[in-house]
$ cat coords-v3.txt   # compact mmCIF, C-alpha atoms
# COMPACT_ATOMS: atom_id res chain seq x y z
CA MET A 187 -134.89 53.88 45.14
CA THR A 188 -134.16 54.07 48.88
CA ILE A 189 -136.04 51.93 51.38
CA ALA A 190 -136.70 52.43 55.09
CA LEU A 191 -137.63 49.14 56.77
CA LEU A 192 -139.54 49.84 59.97
CA GLY A 193 -139.57 46.86 62.32
CA LEU A 194 -136.38 44.87 62.80
CA GLY A 195 -137.74 41.77 64.50
CA LEU A 196 -137.37 38.12 63.58
CA MET A 197 -138.52 38.82 60.00
CA GLY A 198 -137.45 42.42 59.49
CA ARG A 199 -133.75 41.84 60.07
CA PRO A 200 -133.25 39.08 57.47
CA MET A 201 -135.49 40.98 55.03
CA ALA A 202 -133.32 44.08 55.39
CA ARG A 203 -130.14 42.05 54.82
CA THR A 204 -131.62 40.30 51.77
CA LEU A 205 -132.51 43.65 50.21
CA LEU A 206 -129.05 45.04 51.00
CA ASN A 207 -127.42 41.99 49.43
CA ALA A 208 -129.58 42.51 46.35
CA GLY A 209 -128.16 46.03 45.95
CA TRP A 210 -130.95 48.14 47.44
CA LEU A 211 -130.22 51.17 49.60
CA VAL A 212 -131.83 50.26 52.92
CA VAL A 213 -132.01 51.83 56.36
CA GLY A 214 -133.69 50.25 59.36
CA TRP A 215 -135.62 51.51 62.37
CA ASN A 216 -137.20 49.71 65.31
CA ARG A 217 -139.76 50.87 67.83
CA SER A 218 -137.68 49.64 70.78
CA PRO A 219 -133.89 49.44 71.27
CA LEU A 220 -132.20 46.28 70.03
CA ASP A 221 -128.91 44.63 70.91
CA PRO A 222 -126.43 45.98 68.31
CA THR A 223 -125.33 42.42 67.53
CA LEU A 224 -128.81 41.70 66.17
CA THR A 225 -128.71 44.56 63.67
CA ALA A 226 -125.09 44.21 62.59
CA GLY A 227 -124.68 45.18 58.94
CA ILE A 228 -127.99 47.07 58.74
CA PRO A 229 -127.64 50.88 58.51
CA LEU A 230 -129.93 52.39 61.15
CA VAL A 231 -131.75 55.69 61.54
CA SER A 232 -132.69 57.04 64.95
CA SER A 233 -135.96 58.74 64.05
CA LEU A 234 -138.97 58.37 61.79
CA SER A 235 -138.28 61.78 60.28
CA GLU A 236 -134.99 60.34 59.00
CA ALA A 237 -136.72 57.17 57.84
CA ALA A 238 -139.24 59.23 55.85
CA GLN A 239 -136.45 60.58 53.67
CA ALA A 240 -136.55 57.21 51.90
CA GLU A 241 -138.89 56.93 48.92
CA THR A 242 -140.33 53.60 50.05
CA ILE A 243 -141.44 52.74 53.58
CA ILE A 244 -141.73 49.03 54.44
CA LEU A 245 -143.62 48.15 57.61
CA MET A 246 -142.77 44.85 59.28
CA VAL A 247 -144.40 45.20 62.69
CA SER A 248 -146.51 42.92 64.84
CA ASP A 249 -150.14 43.73 64.04
CA ALA A 250 -152.65 46.28 62.74
CA ALA A 251 -152.47 48.32 65.96
CA ALA A 252 -148.68 48.61 65.60
CA VAL A 253 -149.07 49.62 61.94
CA ASP A 254 -151.58 52.31 62.92
CA ASP A 255 -149.23 53.58 65.64
CA VAL A 256 -146.16 53.79 63.39
CA LEU A 257 -148.12 55.42 60.56
CA THR A 258 -149.53 58.01 62.96
CA GLN A 259 -146.00 58.86 64.07
CA ILE A 260 -144.47 59.04 60.59
CA ASP A 261 -147.46 60.72 58.91
CA PRO A 262 -146.19 64.33 59.24
CA TRP A 263 -143.26 63.46 56.97
CA LEU A 264 -145.16 61.46 54.35
CA HIS A 265 -145.91 63.24 51.08
CA ALA A 266 -147.06 62.64 47.52
CA GLY A 267 -144.73 60.18 45.80
CA HIS A 268 -144.05 58.06 48.86
CA LEU A 269 -144.82 54.34 48.64
CA VAL A 270 -145.84 52.49 51.82
CA ILE A 271 -145.69 48.67 51.85
CA ASP A 272 -147.14 46.80 54.83
CA MET A 273 -145.50 43.35 54.89
CA GLY A 274 -146.69 42.20 58.32
CA SER A 275 -149.92 40.41 59.17
CA SER A 276 -152.60 43.06 59.61
CA ASP A 277 -156.36 43.50 59.52
CA PRO A 278 -157.53 43.79 55.87
CA ARG A 279 -160.00 46.52 56.83
CA HIS A 280 -157.18 48.68 58.14
CA SER A 281 -155.30 48.17 54.86
CA GLN A 282 -158.30 49.36 52.85
CA ALA A 283 -158.65 52.45 55.05
CA HIS A 284 -154.95 53.32 54.82
CA ALA A 285 -154.96 52.83 51.05
CA ALA A 286 -157.92 55.17 50.57
CA ALA A 287 -156.51 57.87 52.84
CA PHE A 288 -153.08 57.74 51.21
CA ALA A 289 -154.46 57.69 47.66
CA ALA A 290 -156.16 61.03 48.36
CA ARG A 291 -152.72 62.47 49.15
CA GLY A 292 -150.85 60.88 46.24
CA ILE A 293 -149.15 58.31 48.46
CA GLY A 294 -148.99 54.71 47.26
CA TRP A 295 -150.10 51.77 49.42
CA VAL A 296 -149.44 48.06 49.00
CA ASP A 297 -150.25 45.33 51.49
CA ALA A 298 -147.77 42.52 50.90
CA PRO A 299 -147.68 40.11 53.85
CA VAL A 300 -145.32 37.17 53.65
CA SER A 301 -145.05 33.50 54.52
CA GLY A 302 -141.88 31.46 54.83
CA GLY A 303 -140.42 32.51 58.15
CA PRO A 304 -136.97 33.94 58.87
CA GLU A 305 -135.40 31.25 56.67
CA GLY A 306 -137.41 32.40 53.65
CA ALA A 307 -136.62 36.03 54.45
CA ALA A 308 -132.89 35.29 54.63
CA HIS A 309 -132.86 33.40 51.32
CA GLY A 310 -135.25 35.63 49.37
CA THR A 311 -137.79 32.83 48.94
CA LEU A 312 -140.82 34.25 50.75
CA ALA A 313 -144.34 33.73 49.45
CA ILE A 314 -145.72 37.26 49.15
CA MET A 315 -149.44 37.98 48.87
CA VAL A 316 -149.88 41.40 47.28
CA GLY A 317 -152.87 43.74 47.46
CA GLY A 318 -153.00 47.16 45.82
CA THR A 319 -153.70 49.09 42.65
CA GLU A 320 -151.85 48.10 39.48
CA ALA A 321 -149.83 51.32 39.61
CA ASP A 322 -148.73 50.93 43.23
CA VAL A 323 -147.99 47.23 42.87
CA SER A 324 -145.86 47.94 39.78
CA ARG A 325 -143.74 50.33 41.84
CA ALA A 326 -143.35 47.81 44.63
CA TRP A 327 -142.74 44.78 42.42
CA PRO A 328 -138.92 44.97 42.04
CA ILE A 329 -138.54 45.20 45.81
CA LEU A 330 -140.95 42.34 46.46
CA ASN A 331 -139.30 40.25 43.76
CA ALA A 332 -135.98 40.56 45.60
CA LEU A 333 -137.58 39.09 48.72
CA GLY A 334 -139.36 36.14 47.17
CA ARG A 335 -142.27 35.17 44.96
CA PRO A 336 -144.92 37.92 44.89
CA THR A 337 -148.43 37.30 43.59
CA HIS A 338 -150.84 40.18 43.00
CA VAL A 339 -154.10 38.85 44.42
CA GLY A 340 -156.28 41.96 44.06
CA PRO A 341 -157.04 45.49 45.31
CA PRO A 342 -155.90 46.96 48.65
CA GLY A 343 -156.66 44.67 51.58
CA THR A 344 -156.68 41.43 49.60
CA GLY A 345 -153.04 40.73 50.37
CA HIS A 346 -153.81 40.74 54.07
CA THR A 347 -156.95 38.68 53.48
CA ALA A 348 -154.84 36.06 51.70
CA LYS A 349 -152.35 36.08 54.61
CA VAL A 350 -155.13 35.36 57.10
CA ILE A 351 -156.13 32.38 54.95
CA ASN A 352 -152.48 31.30 54.87
CA GLN A 353 -152.30 31.46 58.65
CA LEU A 354 -155.51 29.48 58.98
CA ILE A 355 -153.93 26.68 56.96
CA VAL A 356 -150.63 26.91 58.87
CA GLY A 357 -152.27 26.92 62.29
CA LEU A 358 -154.49 23.93 61.60
CA THR A 359 -151.64 22.04 59.92
CA ILE A 360 -149.39 22.56 62.95
CA GLN A 361 -152.12 21.06 65.10
CA ALA A 362 -152.47 18.08 62.74
CA VAL A 363 -148.70 17.50 62.62
CA ALA A 364 -148.42 17.79 66.41
CA GLU A 365 -151.08 15.13 66.89
CA ALA A 366 -149.39 12.87 64.33
CA MET A 367 -145.95 13.28 65.91
CA VAL A 368 -147.25 12.40 69.37
CA LEU A 369 -149.02 9.28 68.10
CA ALA A 370 -146.00 8.18 66.05
CA GLU A 371 -143.66 8.61 69.00
CA ARG A 372 -145.93 6.63 71.31
CA TYR A 373 -145.72 3.77 68.83
CA GLY A 374 -141.92 3.91 68.81
CA LEU A 375 -141.33 5.42 65.38
CA ASP A 376 -138.18 7.44 64.74
CA LEU A 377 -139.63 10.84 63.88
CA ALA A 378 -136.78 11.81 61.54
CA VAL A 379 -137.22 8.56 59.61
CA LEU A 380 -140.99 9.11 59.56
CA ARG A 381 -140.62 12.58 58.04
CA ALA A 382 -138.31 11.14 55.40
CA ALA A 383 -140.78 8.35 54.65
CA LEU A 384 -143.64 10.86 54.20
CA ALA A 385 -141.60 13.28 52.07
CA GLY A 386 -143.16 13.84 48.67
CA GLY A 387 -146.46 12.20 49.59
CA PHE A 388 -149.84 13.78 50.27
CA ALA A 389 -149.01 14.18 53.99
CA ASP A 390 -145.80 16.08 53.30
CA SER A 391 -145.51 19.82 53.92
CA LYS A 392 -143.05 22.43 55.14
CA VAL A 393 -144.88 22.31 58.45
CA LEU A 394 -144.20 18.57 58.70
CA GLN A 395 -140.54 18.93 57.80
CA LEU A 396 -139.60 22.13 59.67
CA HIS A 397 -142.01 22.21 62.57
CA GLY A 398 -142.01 18.44 62.86
CA ALA A 399 -138.24 18.60 63.44
CA ARG A 400 -138.75 21.20 66.19
CA MET A 401 -141.39 19.01 67.79
CA ALA A 402 -139.16 15.93 67.70
CA ALA A 403 -136.30 17.87 69.30
CA ARG A 404 -138.60 19.62 71.81
CA GLN A 405 -136.94 22.86 70.67
CA TYR A 406 -139.59 25.52 70.20
CA ILE A 407 -137.24 28.38 69.31
CA PRO A 408 -139.45 30.97 67.64
CA GLY A 409 -139.59 31.35 63.91
CA GLY A 410 -143.21 32.40 64.30
CA LYS A 411 -144.43 33.09 67.83
CA VAL A 412 -147.47 31.59 69.52
CA THR A 413 -148.84 35.10 70.15
CA THR A 414 -148.52 36.00 66.47
CA GLN A 415 -150.25 32.83 65.33
CA LEU A 416 -153.04 33.39 67.85
CA LYS A 417 -153.53 36.97 66.63
CA ASP A 418 -153.83 35.78 63.04
CA LEU A 419 -156.22 32.94 63.88
CA ARG A 420 -158.43 35.35 65.76
CA MET A 421 -158.57 37.49 62.62
CA ALA A 422 -159.59 34.40 60.66
CA ALA A 423 -162.33 33.71 63.21
CA ALA A 424 -163.59 37.29 62.91
CA MET A 425 -163.67 37.01 59.12
CA ALA A 426 -165.53 33.70 59.36
CA ALA A 427 -168.10 35.22 61.71
CA THR A 428 -168.64 38.14 59.35
CA ALA A 429 -169.11 35.74 56.45
CA GLY A 430 -171.40 33.44 58.46
CA VAL A 431 -169.02 30.49 58.02
CA GLU A 432 -168.51 27.89 60.77
CA LEU A 433 -164.92 26.66 61.12
CA PRO A 434 -164.93 24.16 64.01
CA HIS A 435 -161.27 23.14 63.81
CA LEU A 436 -160.24 26.78 63.89
CA ALA A 437 -162.14 27.35 67.12
CA ASP A 438 -160.41 24.37 68.78
CA THR A 439 -156.95 25.43 67.63
CA ILE A 440 -157.51 28.98 68.90
CA ARG A 441 -158.38 27.54 72.30
CA ARG A 442 -155.12 25.58 72.35
CA TYR A 443 -153.03 28.63 71.46
CA GLU A 444 -154.84 30.57 74.17
CA THR A 445 -153.86 27.82 76.61
CA LEU A 446 -150.19 28.20 75.65
CA VAL A 447 -150.37 31.96 76.24
CA ALA A 448 -152.11 31.47 79.58
CA LEU A 449 -149.33 29.08 80.64
CA GLY A 450 -146.70 31.70 79.81
CA TYR A 451 -145.51 30.19 76.53
CA GLY A 452 -146.61 32.97 74.18
CA ASP A 453 -143.08 33.74 72.99
CA LEU A 454 -142.32 30.15 71.95
CA ASP A 455 -142.54 28.95 68.36
CA HIS A 456 -146.07 28.15 67.23
CA SER A 457 -145.04 24.50 66.92
CA ALA A 458 -145.26 24.46 70.75
CA LEU A 459 -148.84 23.20 70.32
CA HIS A 460 -147.04 19.84 70.33
CA MET A 461 -145.93 20.47 73.93
CA LEU A 462 -149.54 20.59 75.13
CA LEU A 463 -150.16 17.14 73.69
CA VAL A 464 -146.92 15.71 75.07
CA GLU A 465 -147.74 17.02 78.54
CA GLY A 466 -151.39 16.00 78.30
CA VAL A 467 -152.71 19.53 78.80
CA LYS A 468 -156.38 19.71 77.86
$ encode --input "coords-v3.txt" --output "C-alpha cells"
Amino acid sequence: MTIALLGLGLMGRPMARTLLNAGWLVVGWNRSPLDPTLTAGIPLVSSLSEAAQAETIILMVSDAAAVDDVLTQIDPWLHAGHLVIDMGSSDPRHSQAHAAAFAARGIGWVDAPVSGGPEGAAHGTLAIMVGGTEADVSRAWPILNALGRPTHVGPPGTGHTAKVINQLIVGLTIQAVAEAMVLAERYGLDLAVLRAALAGGFADSKVLQLHGARMAARQYIPGGKVTTQLKDLRMAAAMAATAGVELPHLADTIRRYETLVALGYGDLDHSALHMLLVEGVK
C-alpha cells in the first residue's frame, strides 16, 4: 500500500520518516514550500494529483479549515477504494460530514489524531485516537500501528472528540505545572531535582517531565505551538457549551493562551504559559 502524507510540519515530517523506516512506500506534500533540509530523506510530490495516485491519503495539517481546503483541492482525483486518514486535530463535526460524503462514493475515512509530539512521532510511540467504521479502521490499522498505539474509540468523529479531550487535559496540566514550577523556583528548589523527586508519584506526568524541563530552561522551542493549543482549547469550550457543561479552569487557560498570542508569542511552545507567570503578566 502506498501512502501520501499531506502536511510536512513539526509532526508530519517525523511521521513520514517513521513510516518509511517501517517499510512503507511514502511520498510527502506540503501546502507551502519548505527548506529542503527539513524534508531530507522524504520523497516529495509537487502536486495533489500526484499525491492522489497513492492508495492512502494521510492528512497532517493545522486545523479543520486546512483539512477542508486540502480535501477540496484533491477531491477531483479521489475515487472508490481510496482511504483518507485525518491525523491532525480537527472539528469532530467536520469528520462526520467528510465520512458520510466519502462513504457514498466508496472512499474510506478514518479520523486518527495523535498525542505525543514530534518525539513520539519520531519513535513510533504516539497515542492515536481512532474514529471510523470497523472496515475503514481495519484498513488503516497497520499504518497506525507503525506510528504508535492506536485505540478505536468509536464511529467517525469520535477520534477527534477524544483528541479535544486530550488537549483539554494537556492544556490545563501545562497551566498547573507552570504554576508549580514558578512557586518551586521562588522557594529556591532545583527544578531538575524536583522533577526527579516527583517522578513516579501522583504529580508526575509527561507534561511535568518534558514541559517542566522547557520551563526550567526558559526554552520554549515548539513541540506543540501556542496557537495550536489555543485552537484545540477553543474547540473544547465549544463542545462544553453545546453540552451545557461549565469548565471554569478551561476558560481561564484559554484567556492565558490568548494573552500569549496577543503578545506575539503564538509560535512558541505551549509550555510558554510559564513565561506569563515568570513575567507577572495578568
$ residues_around --input "coords-v3.txt" --residues "Ala298 in chain A" --least-positions-apart "4" --cutoff "10 Å" --atoms "only C-alpha atoms" --output "MDAnalysis selection string"
chainID A and resid 244:245 271:276 313:318 323 326 330 336:339 342:346 348:349
$ write_last_selection --input "coords-v3.txt" --atoms "C-alpha atoms" --output "mmCIF file, in the coordinates of the input"
data_model
loop_
_atom_site.group_PDB
_atom_site.id
_atom_site.type_symbol
_atom_site.label_atom_id
_atom_site.label_comp_id
_atom_site.auth_asym_id
_atom_site.auth_seq_id
_atom_site.Cartn_x
_atom_site.Cartn_y
_atom_site.Cartn_z
ATOM 1 C CA ILE A 244 -141.730 49.030 54.440
ATOM 2 C CA LEU A 245 -143.620 48.150 57.610
ATOM 3 C CA ILE A 271 -145.690 48.670 51.850
ATOM 4 C CA ASP A 272 -147.140 46.800 54.830
ATOM 5 C CA MET A 273 -145.500 43.350 54.890
ATOM 6 C CA GLY A 274 -146.690 42.200 58.320
ATOM 7 C CA SER A 275 -149.920 40.410 59.170
ATOM 8 C CA SER A 276 -152.600 43.060 59.610
ATOM 9 C CA ALA A 313 -144.340 33.730 49.450
ATOM 10 C CA ILE A 314 -145.720 37.260 49.150
ATOM 11 C CA MET A 315 -149.440 37.980 48.870
ATOM 12 C CA VAL A 316 -149.880 41.400 47.280
ATOM 13 C CA GLY A 317 -152.870 43.740 47.460
ATOM 14 C CA GLY A 318 -153.000 47.160 45.820
ATOM 15 C CA VAL A 323 -147.990 47.230 42.870
ATOM 16 C CA ALA A 326 -143.350 47.810 44.630
ATOM 17 C CA LEU A 330 -140.950 42.340 46.460
ATOM 18 C CA PRO A 336 -144.920 37.920 44.890
ATOM 19 C CA THR A 337 -148.430 37.300 43.590
ATOM 20 C CA HIS A 338 -150.840 40.180 43.000
ATOM 21 C CA VAL A 339 -154.100 38.850 44.420
ATOM 22 C CA PRO A 342 -155.900 46.960 48.650
ATOM 23 C CA GLY A 343 -156.660 44.670 51.580
ATOM 24 C CA THR A 344 -156.680 41.430 49.600
ATOM 25 C CA GLY A 345 -153.040 40.730 50.370
ATOM 26 C CA HIS A 346 -153.810 40.740 54.070
ATOM 27 C CA ALA A 348 -154.840 36.060 51.700
ATOM 28 C CA LYS A 349 -152.350 36.080 54.610
#
$ closest_atom_pairs --input "coords-v3.txt" --of "range 392-451 of chain A" --to "range 246-265 of chain A" --cutoff "9 Å" --atoms "all atoms listed in the file" --output "CSV"
residue,atom,partner,partner_atom,distance
A:Thr414,CA,A:Ser248,CA,7.4
A:Lys417,CA,A:Asp249,CA,8.0
A:Asp418,CA,A:Asp249,CA,8.8
$ residues_around --input "coords-v3.txt" --residues "Gly227 in chain A" --least-positions-apart "3" --cutoff "10 Å" --atoms "all atoms listed in the file" --output "PyMOL selection string"
chain A and resi 199+202-203+206+222-224+230
$ closest_residue --input "coords-v3.txt" --among "A:Asp221, A:Asp376, A:Asp277, A:Asp455" --to "Arg400 in chain A" --atoms "all atoms listed in the file"
A:Asp455
$ atom_distance --input "coords-v3.txt" --atom1 "CA of Leu377 in chain A" --atom2 "CA of Gln395 in chain A"
10.2 Å
$ residues_around --input "coords-v3.txt" --residues "Pro434 in chain A" --least-positions-apart "4" --cutoff "12 Å" --atoms "only C-alpha atoms" --output "MDAnalysis selection string"
chainID A and resid 354 358 423 426:427 438:441
$ axis_aligned_box --input "coords-v3.txt" --around "range 259-271 of chain A" --padding-each-side "5 Å" --output "JSON"
{"center_x": -145.4, "center_y": 56.5, "center_z": 54.9, "size_x": 14.2, "size_y": 25.7, "size_z": 28.3}
$ atom_distance --input "coords-v3.txt" --atom1 "CA of Arg381 in chain A" --atom2 "CA of Ala364 in chain A"
12.6 Å
$ atom_distance --input "coords-v3.txt" --atom1 "CA of Gln415 in chain A" --atom2 "CA of His456 in chain A"
6.6 Å
$ closest_residue --input "coords-v3.txt" --among "A:Leu375, A:Ile228, A:Ala362, A:Ile189" --to "Ala389 in chain A" --atoms "only C-alpha atoms"
A:Ala362
$ closest_residue --input "coords-v3.txt" --among "A:Leu380, A:Leu191, A:Leu269, A:Leu459" --to "Thr359 in chain A" --atoms "all atoms listed in the file"
A:Leu459
$ closest_residue --input "coords-v3.txt" --among "A:Ile329, A:Ala448, A:Leu419, A:Leu454" --to "Ile407 in chain A" --atoms "all atoms listed in the file"
A:Leu454
$ residues_around --input "coords-v3.txt" --residues "Asp453 in chain A" --least-positions-apart "3" --cutoff "12 Å" --atoms "all atoms listed in the file" --output "PDB file with C-alpha atoms, in the coordinates of the input"
ATOM      1  CA  LEU A 196    -137.370  38.120  63.580  1.00  0.00           C
ATOM      2  CA  TYR A 406    -139.590  25.520  70.200  1.00  0.00           C
ATOM      3  CA  ILE A 407    -137.240  28.380  69.310  1.00  0.00           C
ATOM      4  CA  PRO A 408    -139.450  30.970  67.640  1.00  0.00           C
ATOM      5  CA  GLY A 409    -139.590  31.350  63.910  1.00  0.00           C
ATOM      6  CA  GLY A 410    -143.210  32.400  64.300  1.00  0.00           C
ATOM      7  CA  LYS A 411    -144.430  33.090  67.830  1.00  0.00           C
ATOM      8  CA  VAL A 412    -147.470  31.590  69.520  1.00  0.00           C
ATOM      9  CA  THR A 413    -148.840  35.100  70.150  1.00  0.00           C
ATOM     10  CA  THR A 414    -148.520  36.000  66.470  1.00  0.00           C
ATOM     11  CA  GLN A 415    -150.250  32.830  65.330  1.00  0.00           C
ATOM     12  CA  LEU A 416    -153.040  33.390  67.850  1.00  0.00           C
ATOM     13  CA  TYR A 443    -153.030  28.630  71.460  1.00  0.00           C
ATOM     14  CA  LEU A 446    -150.190  28.200  75.650  1.00  0.00           C
ATOM     15  CA  VAL A 447    -150.370  31.960  76.240  1.00  0.00           C
ATOM     16  CA  ALA A 448    -152.110  31.470  79.580  1.00  0.00           C
ATOM     17  CA  LEU A 449    -149.330  29.080  80.640  1.00  0.00           C
ATOM     18  CA  GLY A 450    -146.700  31.700  79.810  1.00  0.00           C
ATOM     19  CA  HIS A 456    -146.070  28.150  67.230  1.00  0.00           C
ATOM     20  CA  SER A 457    -145.040  24.500  66.920  1.00  0.00           C
ATOM     21  CA  ALA A 458    -145.260  24.460  70.750  1.00  0.00           C
TER      22      ALA A 458
END
$ closest_residue --input "coords-v3.txt" --among "A:Ile360, A:Ala422, A:Met197, A:Ala402" --to "Ala307 in chain A" --atoms "all atoms listed in the file"
A:Met197
$ residues_around --input "coords-v3.txt" --residues "Asn207 in chain A" --least-positions-apart "2" --cutoff "12 Å" --atoms "all atoms listed in the file" --output "NGL selection string"
:A and (200-205 or 209-212 or 227-228 or 308-310 or 332-333)
$ closest_residue --input "coords-v3.txt" --among "A:Gly430, A:Gly466, A:Gly387, A:Gly195" --to "Gly303 in chain A" --atoms "only C-alpha atoms"
A:Gly195
$ residues_near_point --input "coords-v3.txt" --point "(-155.3, 51.5, 54.0)" --cutoff "10 Å" --atoms "all atoms listed in the file" --output "list in words"
Asp254, Val270, Asp272, Asp277, Pro278, Arg279, His280, Ser281, Gln282, Ala283, His284, Ala285, Ala286, Ala287, Phe288, Ala289, Gly294, Trp295, Val296, Asp297, Gly318, Pro342 and Gly343 of chain A
